[in-house]
$ cat target-v1.json   # JSON, C-alpha atoms
[["chain", "number", "residue", "atom", "x", "y", "z"],
["A", 927, "MET", "CA", -23.40, 15.77, -19.49],
["A", 928, "VAL", "CA", -21.11, 14.13, -16.95],
["A", 929, "ARG", "CA", -24.09, 12.25, -15.58],
["A", 930, "VAL", "CA", -24.96, 10.94, -19.05],
["A", 931, "PHE", "CA", -21.38, 9.71, -19.44],
["A", 932, "PHE", "CA", -21.45, 7.91, -16.08],
["A", 933, "GLN", "CA", -24.84, 6.40, -16.87],
["A", 934, "TRP", "CA", -23.43, 5.18, -20.20],
["A", 935, "MET", "CA", -20.41, 3.58, -18.45],
["A", 936, "ASN", "CA", -22.69, 2.04, -15.87],
["A", 937, "ASP", "CA", -24.86, 0.36, -18.52],
["A", 938, "LEU", "CA", -22.08, -1.01, -20.75],
["A", 939, "PRO", "CA", -22.16, -4.81, -21.15],
["A", 940, "PHE", "CA", -18.58, -4.88, -19.81],
["A", 941, "SER", "CA", -19.61, -3.11, -16.60],
["A", 942, "LYS", "CA", -22.62, -5.37, -16.13],
["A", 943, "ALA", "CA", -20.55, -8.53, -16.70],
["A", 944, "LEU", "CA", -17.97, -7.37, -14.17],
["A", 945, "GLY", "CA", -20.69, -6.63, -11.64],
["A", 946, "ALA", "CA", -22.12, -10.11, -12.11],
["A", 947, "SER", "CA", -18.80, -11.80, -11.30],
["A", 948, "VAL", "CA", -17.89, -11.28, -7.64],
["A", 949, "TRP", "CA", -14.62, -13.17, -8.09],
["A", 950, "GLN", "CA", -13.39, -11.00, -10.95],
["A", 951, "PHE", "CA", -14.33, -7.80, -9.22],
["A", 952, "ALA", "CA", -12.71, -8.83, -5.93],
["A", 953, "THR", "CA", -9.51, -9.86, -7.71],
["A", 954, "ILE", "CA", -9.31, -6.47, -9.41],
["A", 955, "GLN", "CA", -9.80, -4.75, -6.03],
["A", 956, "ALA", "CA", -7.04, -6.86, -4.49],
["A", 957, "LEU", "CA", -4.62, -6.16, -7.37],
["A", 958, "HIS", "CA", -5.43, -2.46, -7.14],
["A", 959, "LEU", "CA", -4.15, -2.53, -3.56],
["A", 960, "VAL", "CA", -0.91, -4.31, -4.50],
["A", 961, "ALA", "CA", -0.36, -1.71, -7.23],
["A", 962, "LEU", "CA", -1.01, 0.96, -4.60],
["A", 963, "ALA", "CA", 1.74, -0.47, -2.39],
["A", 964, "VAL", "CA", 4.27, -0.40, -5.26],
["A", 965, "PHE", "CA", 3.26, 3.13, -6.25],
["A", 966, "ALA", "CA", 3.29, 4.40, -2.65],
["A", 967, "GLY", "CA", 6.75, 2.91, -2.13],
["A", 968, "ALA", "CA", 8.11, 4.61, -5.26],
["A", 969, "VAL", "CA", 6.59, 7.95, -4.13],
["A", 970, "LEU", "CA", 7.75, 7.67, -0.52],
["A", 971, "ILE", "CA", 11.35, 6.62, -1.13],
["A", 972, "VAL", "CA", 11.82, 9.89, -3.08],
["A", 973, "ASP", "CA", 9.69, 12.14, -0.86],
["A", 974, "LEU", "CA", 11.43, 10.93, 2.31],
["A", 975, "ARG", "CA", 14.76, 11.63, 0.61],
["A", 976, "LEU", "CA", 13.56, 15.13, -0.35],
["A", 977, "MET", "CA", 12.59, 15.73, 3.27],
["A", 978, "GLY", "CA", 16.05, 14.66, 4.41],
["A", 979, "VAL", "CA", 14.80, 11.64, 6.35],
["A", 980, "GLY", "CA", 15.38, 8.88, 3.77],
["A", 981, "VAL", "CA", 18.46, 7.58, 1.97],
["A", 982, "LYS", "CA", 20.27, 10.88, 2.50],
["A", 983, "GLU", "CA", 23.68, 9.53, 1.45],
["A", 984, "ARG", "CA", 22.48, 9.50, -2.19],
["A", 985, "PRO", "CA", 21.70, 12.46, -4.45],
["A", 986, "VAL", "CA", 17.96, 13.13, -4.85],
["A", 987, "SER", "CA", 18.22, 12.85, -8.63],
["A", 988, "GLU", "CA", 19.65, 9.31, -8.45],
["A", 989, "VAL", "CA", 16.98, 8.13, -6.02],
["A", 990, "ALA", "CA", 14.27, 9.70, -8.20],
["A", 991, "ARG", "CA", 15.60, 8.23, -11.46],
["A", 992, "ASP", "CA", 15.81, 4.76, -9.87],
["A", 993, "ALA", "CA", 12.26, 5.01, -8.52],
["A", 994, "GLN", "CA", 10.73, 6.42, -11.70],
["A", 995, "PRO", "CA", 9.96, 3.17, -13.58],
["A", 996, "TRP", "CA", 8.18, 1.79, -10.49],
["A", 997, "LEU", "CA", 6.32, 5.05, -10.08],
["A", 998, "ILE", "CA", 5.12, 4.91, -13.69],
["A", 999, "TRP", "CA", 4.33, 1.18, -13.78],
["A", 1000, "GLY", "CA", 2.65, 1.39, -10.39],
["A", 1001, "PHE", "CA", 0.47, 4.21, -11.69],
["A", 1002, "ILE", "CA", -0.38, 2.30, -14.87],
["A", 1003, "ALA", "CA", -1.35, -0.76, -12.81],
["A", 1004, "LEU", "CA", -3.50, 1.43, -10.55],
["A", 1005, "THR", "CA", -5.26, 2.93, -13.57],
["A", 1006, "VAL", "CA", -5.81, -0.40, -15.30],
["A", 1007, "THR", "CA", -7.31, -1.91, -12.13],
["A", 1008, "GLY", "CA", -9.10, 1.30, -11.15],
["A", 1009, "ILE", "CA", -11.07, 2.10, -14.30],
["A", 1010, "PRO", "CA", -13.05, -1.19, -14.34],
["A", 1011, "GLN", "CA", -14.03, -0.60, -10.70],
["A", 1012, "MET", "CA", -15.26, 2.87, -11.60],
["A", 1013, "MET", "CA", -17.19, 1.55, -14.62],
["A", 1014, "GLN", "CA", -18.88, -1.20, -12.66],
["A", 1015, "ASN", "CA", -20.11, 1.26, -10.05],
["A", 1016, "ALA", "CA", -20.35, 4.31, -12.30],
["A", 1017, "ILE", "CA", -23.62, 5.69, -10.98],
["A", 1018, "ARG", "CA", -22.62, 5.10, -7.37],
["A", 1019, "GLU", "CA", -19.31, 6.89, -8.06],
["A", 1020, "TYR", "CA", -21.09, 9.78, -9.74],
["A", 1021, "PHE", "CA", -23.07, 10.44, -6.55],
["A", 1022, "SER", "CA", -20.13, 9.81, -4.20],
["A", 1023, "PHE", "CA", -18.54, 12.88, -2.60],
["A", 1024, "PHE", "CA", -15.37, 10.90, -1.86],
["A", 1025, "PHE", "CA", -15.02, 9.77, -5.48],
["A", 1026, "TRP", "CA", -14.89, 13.38, -6.68],
["A", 1027, "LEU", "CA", -12.63, 14.36, -3.80],
["A", 1028, "LYS", "CA", -10.25, 11.57, -4.88],
["A", 1029, "MET", "CA", -10.37, 12.68, -8.52],
["A", 1030, "GLY", "CA", -9.71, 16.30, -7.51],
["A", 1031, "PHE", "CA", -6.65, 15.31, -5.48],
["A", 1032, "LEU", "CA", -5.54, 12.97, -8.28],
["A", 1033, "LEU", "CA", -5.59, 15.80, -10.82],
["A", 1034, "VAL", "CA", -3.62, 18.16, -8.57],
["A", 1035, "ALA", "CA", -1.17, 15.41, -7.49],
["A", 1036, "LEU", "CA", -0.49, 14.42, -11.12],
["A", 1037, "ILE", "CA", 0.14, 18.01, -12.21],
["A", 1038, "PHE", "CA", 2.34, 18.67, -9.17],
["A", 1039, "THR", "CA", 4.34, 15.46, -9.73],
["A", 1040, "ALA", "CA", 4.87, 16.11, -13.46],
["A", 1041, "THR", "CA", 5.93, 19.74, -12.96],
["A", 1042, "VAL", "CA", 7.26, 21.03, -9.62],
["A", 1043, "ARG", "CA", 8.31, 17.68, -8.16],
["A", 1044, "ARG", "CA", 9.88, 16.52, -11.42],
["A", 1045, "THR", "CA", 11.94, 19.71, -11.75],
["A", 1046, "VAL", "CA", 13.14, 19.53, -8.16],
["A", 1047, "THR", "CA", 13.96, 15.79, -8.14],
["A", 1048, "LEU", "CA", 15.84, 15.82, -11.42],
["A", 1049, "ALA", "CA", 17.88, 18.96, -10.65],
["A", 1050, "ASP", "CA", 21.57, 18.52, -9.87],
["A", 1051, "ASP", "CA", 22.37, 18.20, -6.20],
["A", 1052, "GLY", "CA", 22.97, 21.52, -4.51],
["A", 1053, "ARG", "CA", 20.83, 23.49, -6.93],
["A", 1054, "VAL", "CA", 17.70, 23.06, -4.84],
["A", 1055, "GLY", "CA", 17.56, 24.52, -1.35],
["A", 1056, "ALA", "CA", 17.00, 22.08, 1.53],
["A", 1057, "MET", "CA", 13.90, 23.94, 2.64],
["A", 1058, "ARG", "CA", 12.36, 23.89, -0.83],
["A", 1059, "ALA", "CA", 13.07, 20.17, -1.19],
["A", 1060, "LYS", "CA", 11.44, 19.47, 2.20],
["A", 1061, "VAL", "CA", 8.28, 21.38, 1.23],
["A", 1062, "VAL", "CA", 8.01, 19.60, -2.15],
["A", 1063, "GLY", "CA", 8.40, 16.18, -0.48],
["A", 1064, "LEU", "CA", 5.78, 16.98, 2.13],
["A", 1065, "VAL", "CA", 3.29, 18.42, -0.39],
["A", 1066, "SER", "CA", 3.70, 15.31, -2.55],
["A", 1067, "ILE", "CA", 2.94, 13.00, 0.40],
["A", 1068, "VAL", "CA", -0.09, 15.08, 1.42],
["A", 1069, "LEU", "CA", -1.48, 15.17, -2.14],
["A", 1070, "TRP", "CA", -1.15, 11.41, -2.69],
["A", 1071, "ALA", "CA", -2.63, 10.72, 0.76],
["A", 1072, "GLY", "CA", -5.48, 12.93, -0.42],
["A", 1073, "VAL", "CA", -6.00, 10.48, -3.28],
["A", 1074, "ALA", "CA", -5.73, 7.27, -1.23],
["A", 1075, "ILE", "CA", -7.78, 8.23, 1.84],
["A", 1076, "PRO", "CA", -11.05, 9.26, 0.13],
["A", 1077, "ALA", "CA", -10.65, 6.21, -2.14],
["A", 1078, "ARG", "CA", -11.01, 3.87, 0.85],
["A", 1079, "LEU", "CA", -14.12, 5.81, 1.93],
["A", 1080, "ILE", "CA", -16.04, 5.61, -1.40],
["A", 1081, "GLY", "CA", -17.30, 2.12, -0.66],
["A", 1082, "LEU", "CA", -17.98, 2.78, 3.03],
["A", 1083, "PHE", "CA", -20.18, 5.84, 2.59],
["A", 1084, "SER", "CA", -22.50, 5.38, -0.35],
["B", 317, "MET", "CA", -6.97, -26.01, 20.35],
["B", 318, "LEU", "CA", -9.46, -24.75, 17.77],
["B", 319, "MET", "CA", -12.15, -24.64, 20.46],
["B", 320, "LEU", "CA", -9.81, -22.58, 22.61],
["B", 321, "VAL", "CA", -9.27, -20.04, 19.82],
["B", 322, "ARG", "CA", -12.98, -19.93, 19.14],
["B", 323, "SER", "CA", -13.96, -19.43, 22.76],
["B", 324, "TYR", "CA", -11.35, -16.67, 23.04],
["B", 325, "PHE", "CA", -12.82, -14.85, 20.01],
["B", 326, "GLU", "CA", -16.32, -15.36, 21.46],
["B", 327, "TRP", "CA", -15.20, -14.00, 24.82],
["B", 328, "VAL", "CA", -13.74, -10.81, 23.25],
["B", 329, "ASN", "CA", -16.88, -10.47, 21.13],
["B", 330, "GLU", "CA", -18.94, -9.74, 24.26],
["B", 331, "PHE", "CA", -16.70, -6.95, 25.63],
["B", 332, "PRO", "CA", -18.64, -3.67, 25.78],
["B", 333, "SER", "CA", -15.69, -1.90, 24.07],
["B", 334, "SER", "CA", -15.76, -4.50, 21.27],
["B", 335, "VAL", "CA", -19.49, -3.95, 20.79],
["B", 336, "GLY", "CA", -18.83, -0.19, 20.87],
["B", 337, "ILE", "CA", -16.35, -0.35, 17.97],
["B", 338, "ARG", "CA", -18.67, -2.67, 16.05],
["B", 339, "GLU", "CA", -21.57, -0.25, 16.34],
["B", 340, "SER", "CA", -19.61, 2.98, 15.76],
["B", 341, "ILE", "CA", -20.32, 4.92, 12.57],
["B", 342, "TYR", "CA", -17.07, 6.82, 12.12],
["B", 343, "PHE", "CA", -14.50, 4.91, 14.16],
["B", 344, "TYR", "CA", -14.62, 1.82, 11.95],
["B", 345, "PRO", "CA", -14.01, 3.71, 8.65],
["B", 346, "ALA", "CA", -11.25, 5.71, 10.36],
["B", 347, "LEU", "CA", -9.55, 2.49, 11.48],
["B", 348, "LEU", "CA", -9.86, 0.88, 8.07],
["B", 349, "THR", "CA", -8.47, 3.96, 6.32],
["B", 350, "SER", "CA", -5.53, 4.25, 8.74],
["B", 351, "HIS", "CA", -4.86, 0.54, 8.23],
["B", 352, "VAL", "CA", -4.49, 1.12, 4.47],
["B", 353, "VAL", "CA", -2.32, 4.23, 4.94],
["B", 354, "GLY", "CA", -0.04, 2.28, 7.29],
["B", 355, "MET", "CA", 0.07, -0.53, 4.73],
["B", 356, "CYS", "CA", 1.18, 1.89, 2.01],
["B", 357, "VAL", "CA", 4.13, 3.07, 4.10],
["B", 358, "PHE", "CA", 5.08, -0.40, 5.32],
["B", 359, "ALA", "CA", 4.48, -2.57, 2.25],
["B", 360, "GLY", "CA", 5.57, 0.20, -0.13],
["B", 361, "LEU", "CA", 8.97, 0.62, 1.48],
["B", 362, "VAL", "CA", 9.44, -3.13, 2.04],
["B", 363, "ILE", "CA", 8.83, -3.62, -1.69],
["B", 364, "MET", "CA", 11.41, -0.89, -2.48],
["B", 365, "MET", "CA", 13.95, -2.87, -0.41],
["B", 366, "ASP", "CA", 12.92, -6.14, -2.10],
["B", 367, "LEU", "CA", 13.34, -4.61, -5.58],
["B", 368, "ARG", "CA", 16.84, -3.57, -4.57],
["B", 369, "LEU", "CA", 17.63, -7.09, -3.36],
["B", 370, "LEU", "CA", 16.36, -8.43, -6.69],
["B", 371, "GLY", "CA", 18.55, -5.95, -8.53],
["B", 372, "ILE", "CA", 15.62, -4.48, -10.45],
["B", 373, "GLY", "CA", 15.01, -1.26, -8.57],
["B", 374, "ASN", "CA", 16.86, 1.44, -6.58],
["B", 375, "THR", "CA", 20.09, -0.15, -7.79],
["B", 376, "ARG", "CA", 22.25, 2.95, -7.39],
["B", 377, "THR", "CA", 21.72, 2.94, -3.63],
["B", 378, "PRO", "CA", 23.78, 0.48, -1.54],
["B", 379, "ILE", "CA", 21.62, -2.11, 0.21],
["B", 380, "SER", "CA", 22.84, -1.24, 3.71],
["B", 381, "GLN", "CA", 21.79, 2.40, 3.18],
["B", 382, "ILE", "CA", 18.31, 1.38, 2.05],
["B", 383, "GLN", "CA", 18.06, -0.94, 5.05],
["B", 384, "ARG", "CA", 19.24, 1.70, 7.54],
["B", 385, "ARG", "CA", 17.20, 4.63, 6.17],
["B", 386, "LEU", "CA", 13.95, 2.90, 5.32],
["B", 387, "PHE", "CA", 13.79, 0.65, 8.38],
["B", 388, "PRO", "CA", 12.41, 3.32, 10.78],
["B", 389, "TRP", "CA", 9.63, 4.17, 8.29],
["B", 390, "GLN", "CA", 8.82, 0.53, 7.68],
["B", 391, "MET", "CA", 8.47, 0.10, 11.45],
["B", 392, "PHE", "CA", 6.30, 3.21, 11.63],
["B", 393, "GLY", "CA", 3.97, 1.89, 8.92],
["B", 394, "MET", "CA", 3.89, -1.54, 10.48],
["B", 395, "THR", "CA", 2.98, -0.10, 13.88],
["B", 396, "VAL", "CA", 0.07, 1.89, 12.42],
["B", 397, "SER", "CA", -1.22, -1.13, 10.49],
["B", 398, "ALA", "CA", -0.69, -3.58, 13.35],
["B", 399, "VAL", "CA", -2.45, -1.43, 15.95],
["B", 400, "THR", "CA", -5.41, -0.53, 13.71],
["B", 401, "GLY", "CA", -5.57, -4.13, 12.49],
["B", 402, "MET", "CA", -5.76, -5.52, 16.00],
["B", 403, "VAL", "CA", -8.47, -3.01, 16.96],
["B", 404, "LEU", "CA", -10.42, -3.99, 13.82],
["B", 405, "VAL", "CA", -10.29, -7.65, 14.84],
["B", 406, "TYR", "CA", -11.13, -6.71, 18.44],
["B", 407, "GLY", "CA", -14.23, -4.92, 17.18],
["B", 408, "GLN", "CA", -15.55, -7.85, 15.10],
["B", 409, "PRO", "CA", -13.88, -11.03, 16.39],
["B", 410, "MET", "CA", -16.53, -13.44, 15.17],
["B", 411, "ARG", "CA", -16.48, -11.98, 11.67],
["B", 412, "PHE", "CA", -12.73, -12.58, 11.40],
["B", 413, "TYR", "CA", -12.78, -15.95, 13.14],
["B", 414, "GLY", "CA", -14.97, -17.43, 10.43],
["B", 415, "ASN", "CA", -13.17, -15.82, 7.50],
["B", 416, "ILE", "CA", -10.72, -17.94, 5.52],
["B", 417, "PHE", "CA", -8.90, -14.89, 4.07],
["B", 418, "PHE", "CA", -8.17, -13.59, 7.56],
["B", 419, "TRP", "CA", -6.40, -16.82, 8.49],
["B", 420, "ILE", "CA", -4.54, -16.94, 5.15],
["B", 421, "LYS", "CA", -3.38, -13.40, 5.88],
["B", 422, "VAL", "CA", -2.21, -14.30, 9.40],
["B", 423, "LEU", "CA", -0.36, -17.35, 8.08],
["B", 424, "MET", "CA", 1.33, -15.37, 5.28],
["B", 425, "MET", "CA", 2.45, -12.71, 7.78],
["B", 426, "LEU", "CA", 4.04, -15.38, 9.96],
["B", 427, "VAL", "CA", 5.90, -16.87, 6.98],
["B", 428, "ALA", "CA", 6.96, -13.36, 5.87],
["B", 429, "ALA", "CA", 8.32, -12.67, 9.37],
["B", 430, "ALA", "CA", 10.28, -15.93, 9.24],
["B", 431, "ASN", "CA", 11.69, -14.84, 5.86],
["B", 432, "VAL", "CA", 12.86, -11.50, 7.32],
["B", 433, "LEU", "CA", 14.48, -13.29, 10.23],
["B", 434, "ALA", "CA", 16.22, -15.80, 7.96],
["B", 435, "PHE", "CA", 17.50, -12.95, 5.76],
["B", 436, "HIS", "CA", 18.94, -10.91, 8.61],
["B", 437, "LEU", "CA", 20.50, -13.90, 10.35],
["B", 438, "GLY", "CA", 21.77, -15.28, 7.05],
["B", 439, "ALA", "CA", 22.52, -13.51, 3.77],
["B", 440, "TYR", "CA", 22.49, -9.97, 5.21],
["B", 441, "ARG", "CA", 25.42, -10.63, 7.55],
["B", 442, "SER", "CA", 27.84, -10.52, 4.64],
["B", 443, "VAL", "CA", 26.22, -7.42, 3.07],
["B", 444, "ALA", "CA", 29.53, -5.52, 3.20],
["B", 445, "ASP", "CA", 30.84, -7.84, 0.45],
["B", 446, "TRP", "CA", 27.97, -7.11, -2.00],
["B", 447, "ASP", "CA", 26.53, -3.80, -0.78],
["B", 448, "ASN", "CA", 26.99, -2.06, -4.14],
["B", 449, "ASP", "CA", 26.34, -5.04, -6.43],
["B", 450, "VAL", "CA", 23.32, -4.91, -8.70],
["B", 451, "LYS", "CA", 23.30, -8.70, -8.80],
["B", 452, "THR", "CA", 23.15, -9.78, -5.18],
["B", 453, "PRO", "CA", 23.85, -13.33, -3.87],
["B", 454, "PHE", "CA", 21.20, -15.94, -4.60],
["B", 455, "ALA", "CA", 20.02, -16.09, -0.97],
["B", 456, "ALA", "CA", 19.38, -12.33, -0.97],
["B", 457, "ARG", "CA", 17.48, -12.44, -4.27],
["B", 458, "LEU", "CA", 15.43, -15.37, -3.00],
["B", 459, "SER", "CA", 14.54, -13.45, 0.18],
["B", 460, "GLY", "CA", 13.49, -10.43, -1.86],
["B", 461, "ALA", "CA", 11.31, -12.48, -4.20],
["B", 462, "VAL", "CA", 9.69, -14.41, -1.34],
["B", 463, "SER", "CA", 9.05, -11.16, 0.51],
["B", 464, "ILE", "CA", 7.31, -9.48, -2.45],
["B", 465, "VAL", "CA", 5.10, -12.50, -3.10],
["B", 466, "LEU", "CA", 4.18, -12.94, 0.57],
["B", 467, "TRP", "CA", 3.38, -9.28, 1.24],
["B", 468, "ALA", "CA", 1.35, -9.08, -1.97],
["B", 469, "LEU", "CA", -0.64, -12.10, -0.73],
["B", 470, "VAL", "CA", -1.06, -10.44, 2.68],
["B", 471, "VAL", "CA", -2.40, -7.26, 1.05],
["B", 472, "MET", "CA", -4.67, -9.21, -1.31],
["B", 473, "SER", "CA", -6.10, -11.54, 1.32],
["B", 474, "GLY", "CA", -6.60, -8.50, 3.56],
["B", 475, "ARG", "CA", -8.76, -6.92, 0.87],
["B", 476, "LEU", "CA", -10.66, -10.16, 0.33],
["B", 477, "ILE", "CA", -11.70, -10.42, 4.00],
["B", 478, "ALA", "CA", -14.58, -8.17, 2.89],
["B", 479, "TYR", "CA", -15.95, -11.21, 1.05],
["B", 480, "ASN", "CA", -17.27, -14.22, 2.92],
["B", 481, "TRP", "CA", -17.51, -16.83, 0.17],
["B", 482, "PHE", "CA", -16.50, -19.76, 2.32],
["B", 483, "GLN", "CA", -18.69, -19.29, 5.35]]

$ encode --input "target-v1.json" --output "structure tokens"
Amino acid sequence: MVRVFFQWMNDLPFSKALGASVWQFATIQALHLVALAVFAGAVLIVDLRLMGVGVKERPVSEVARDAQPWLIWGFIALTVTGIPQMMQNAIREYFSFFFWLKMGFLLVALIFTATVRRTVTLADDGRVGAMRAKVVGLVSIVLWAGVAIPARLIGLFS
Amino acid sequence: MLMLVRSYFEWVNEFPSSVGIRESIYFYPALLTSHVVGMCVFAGLVIMMDLRLLGIGNTRTPISQIQRRLFPWQMFGMTVSAVTGMVLVYGQPMRFYGNIFFWIKVLMMLVAAANVLAFHLGAYRSVADWDNDVKTPFAARLSGAVSIVLWALVVMSGRLIAYNWFQ
């Protein structure tokens, strides 16, 4: 079922056209990396603050609210530049261990960010213990690293 | 001058350790991956500072606090990327020597460094007067905009080194 879906994506005219244009594909890859930098910055500025090693003079909730639009727009830009890359190489991705590892981490990281991390970052200062905040910040960094690291390896081992 | 650079790259190319990196199966992917992780920390946090300078992000945090608290992490990310980047070039000097995107990247990094220097010797010296302002002085906004554009070009040209269209 999943295989049929990936085969379908792989054979779409859009995917084929993208594969035929090296310039277009390379530009999308390059933009994906710029989006990654913006997204990583928006994640890290909050996670470092949670861990007590960032802008510790400010309340976590303020830092998180300020970073949120960049977190969301960075993620949108990553998705918009990521999906065409997946479509163009759909069958390669389907058989790539690192692709599925990335997607697994992505699912967990998204759920964690939208639930636990959101609750902790938006809580009033003082209502979240320092230890709990540290753990949430660290888990967030580890989960998002789990998305980025296998992503770099998809193209190298396939 | 160009011949000197070329002969230097050719000289390094023959080092047994350079050949070793070039022919390794796991070391090269590990270097490349660490290079990207370092980039995320460095470029990500530099961009957060730039957005603050532009007055379009992290505006509730005073600029001097962002500078003081993010600086050690920016340096950490830069160190990881710089060391892995230099080892990557050391492992394949002739590949990088002939690649236009590599030289664009090097040039953009030099200009970006000059921009940082100009900012810290110039606009930043009076930061106490505008530390809390959302709208920072023109020179600070200019530095932030130039920084974002240059680092985005560095990241993009870095990715494009994988392509050798102009060789």

$ atom_distance --input "target-v1.json" --atom1 "atom CA of Ala968 of chain A" --atom2 "atom CA of Leu997 of chain A"
5.2 Å

$ interface_residues --input "target-v1.json" --of "chain A" --to "chain B" --cutoff "8 Å" --atoms "only C-alpha atoms" --output "MDAnalysis selection string"
chainID A and resid 952 955:957 959:960 962:968 970:971 979:984 988:989 992:993 996 1071 1074:1075 1078:1079 1082

$ residues_near_point --input "target-v1.json" --point "(-9.9, -3.6, 12.7)" --cutoff "12 Å" --atoms "only C-alpha atoms" --output "PDB file with C-alpha atoms, in the frame of the given file"
ATOM      1  CA  SER B 334     -15.760  -4.500  21.270  1.00  0.00           C
ATOM      2  CA  ILE B 337     -16.350  -0.350  17.970  1.00  0.00           C
ATOM      3  CA  ARG B 338     -18.670  -2.670  16.050  1.00  0.00           C
ATOM      4  CA  PHE B 343     -14.500   4.910  14.160  1.00  0.00           C
ATOM      5  CA  TYR B 344     -14.620   1.820  11.950  1.00  0.00           C
ATOM      6  CA  PRO B 345     -14.010   3.710   8.650  1.00  0.00           C
ATOM      7  CA  ALA B 346     -11.250   5.710  10.360  1.00  0.00           C
ATOM      8  CA  LEU B 347      -9.550   2.490  11.480  1.00  0.00           C
ATOM      9  CA  LEU B 348      -9.860   0.880   8.070  1.00  0.00           C
ATOM     10  CA  THR B 349      -8.470   3.960   6.320  1.00  0.00           C
ATOM     11  CA  SER B 350      -5.530   4.250   8.740  1.00  0.00           C
ATOM     12  CA  HIS B 351      -4.860   0.540   8.230  1.00  0.00           C
ATOM     13  CA  VAL B 352      -4.490   1.120   4.470  1.00  0.00           C
ATOM     14  CA  VAL B 396       0.070   1.890  12.420  1.00  0.00           C
ATOM     15  CA  SER B 397      -1.220  -1.130  10.490  1.00  0.00           C
ATOM     16  CA  ALA B 398      -0.690  -3.580  13.350  1.00  0.00           C
ATOM     17  CA  VAL B 399      -2.450  -1.430  15.950  1.00  0.00           C
ATOM     18  CA  THR B 400      -5.410  -0.530  13.710  1.00  0.00           C
ATOM     19  CA  GLY B 401      -5.570  -4.130  12.490  1.00  0.00           C
ATOM     20  CA  MET B 402      -5.760  -5.520  16.000  1.00  0.00           C
ATOM     21  CA  VAL B 403      -8.470  -3.010  16.960  1.00  0.00           C
ATOM     22  CA  LEU B 404     -10.420  -3.990  13.820  1.00  0.00           C
ATOM     23  CA  VAL B 405     -10.290  -7.650  14.840  1.00  0.00           C
ATOM     24  CA  TYR B 406     -11.130  -6.710  18.440  1.00  0.00           C
ATOM     25  CA  GLY B 407     -14.230  -4.920  17.180  1.00  0.00           C
ATOM     26  CA  GLN B 408     -15.550  -7.850  15.100  1.00  0.00           C
ATOM     27  CA  PRO B 409     -13.880 -11.030  16.390  1.00  0.00           C
ATOM     28  CA  ARG B 411     -16.480 -11.980  11.670  1.00  0.00           C
ATOM     29  CA  PHE B 412     -12.730 -12.580  11.400  1.00  0.00           C
ATOM     30  CA  PHE B 418      -8.170 -13.590   7.560  1.00  0.00           C
ATOM     31  CA  GLY B 474      -6.600  -8.500   3.560  1.00  0.00           C
ATOM     32  CA  ILE B 477     -11.700 -10.420   4.000  1.00  0.00           C
ATOM     33  CA  ALA B 478     -14.580  -8.170   2.890  1.00  0.00           C
TER      34      ALA B 478
END

$ closest_residue --input "target-v1.json" --among "A:Val1073, A:Val1061, A:Ile1017, A:Leu1027" --to "Val928 of chain A" --atoms "only C-alpha atoms"
A:Ile1017

$ atom_distance --input "target-v1.json" --atom1 "atom CA of Phe1024 of chain A" --atom2 "atom CA of Pro1076 of chain A"
5.0 Å

$ atom_distance --input "target-v1.json" --atom1 "atom CA of Thr1005 of chain A" --atom2 "atom CA of Leu1033 of chain A"
13.2 Å

$ closest_residue --input "target-v1.json" --among "A:Arg1043, A:Arg929, A:His958, A:Gln994" --to "Val1006 of chain A" --atoms "only C-alpha atoms"
A:His958

$ closest_residue --input "target-v1.json" --among "A:Ile1080, A:Leu938, A:Arg1053, A:Pro985" --to "Met1029 of chain A" --atoms "all atoms listed in the file"
A:Ile1080

$ residues_around --input "target-v1.json" --residues "Leu1048 of chain A" --least-positions-apart "4" --cutoff "8 Å" --atoms "all atoms listed in the file" --output "MDAnalysis selection string"
chainID A and resid 986:987 990:991 1044
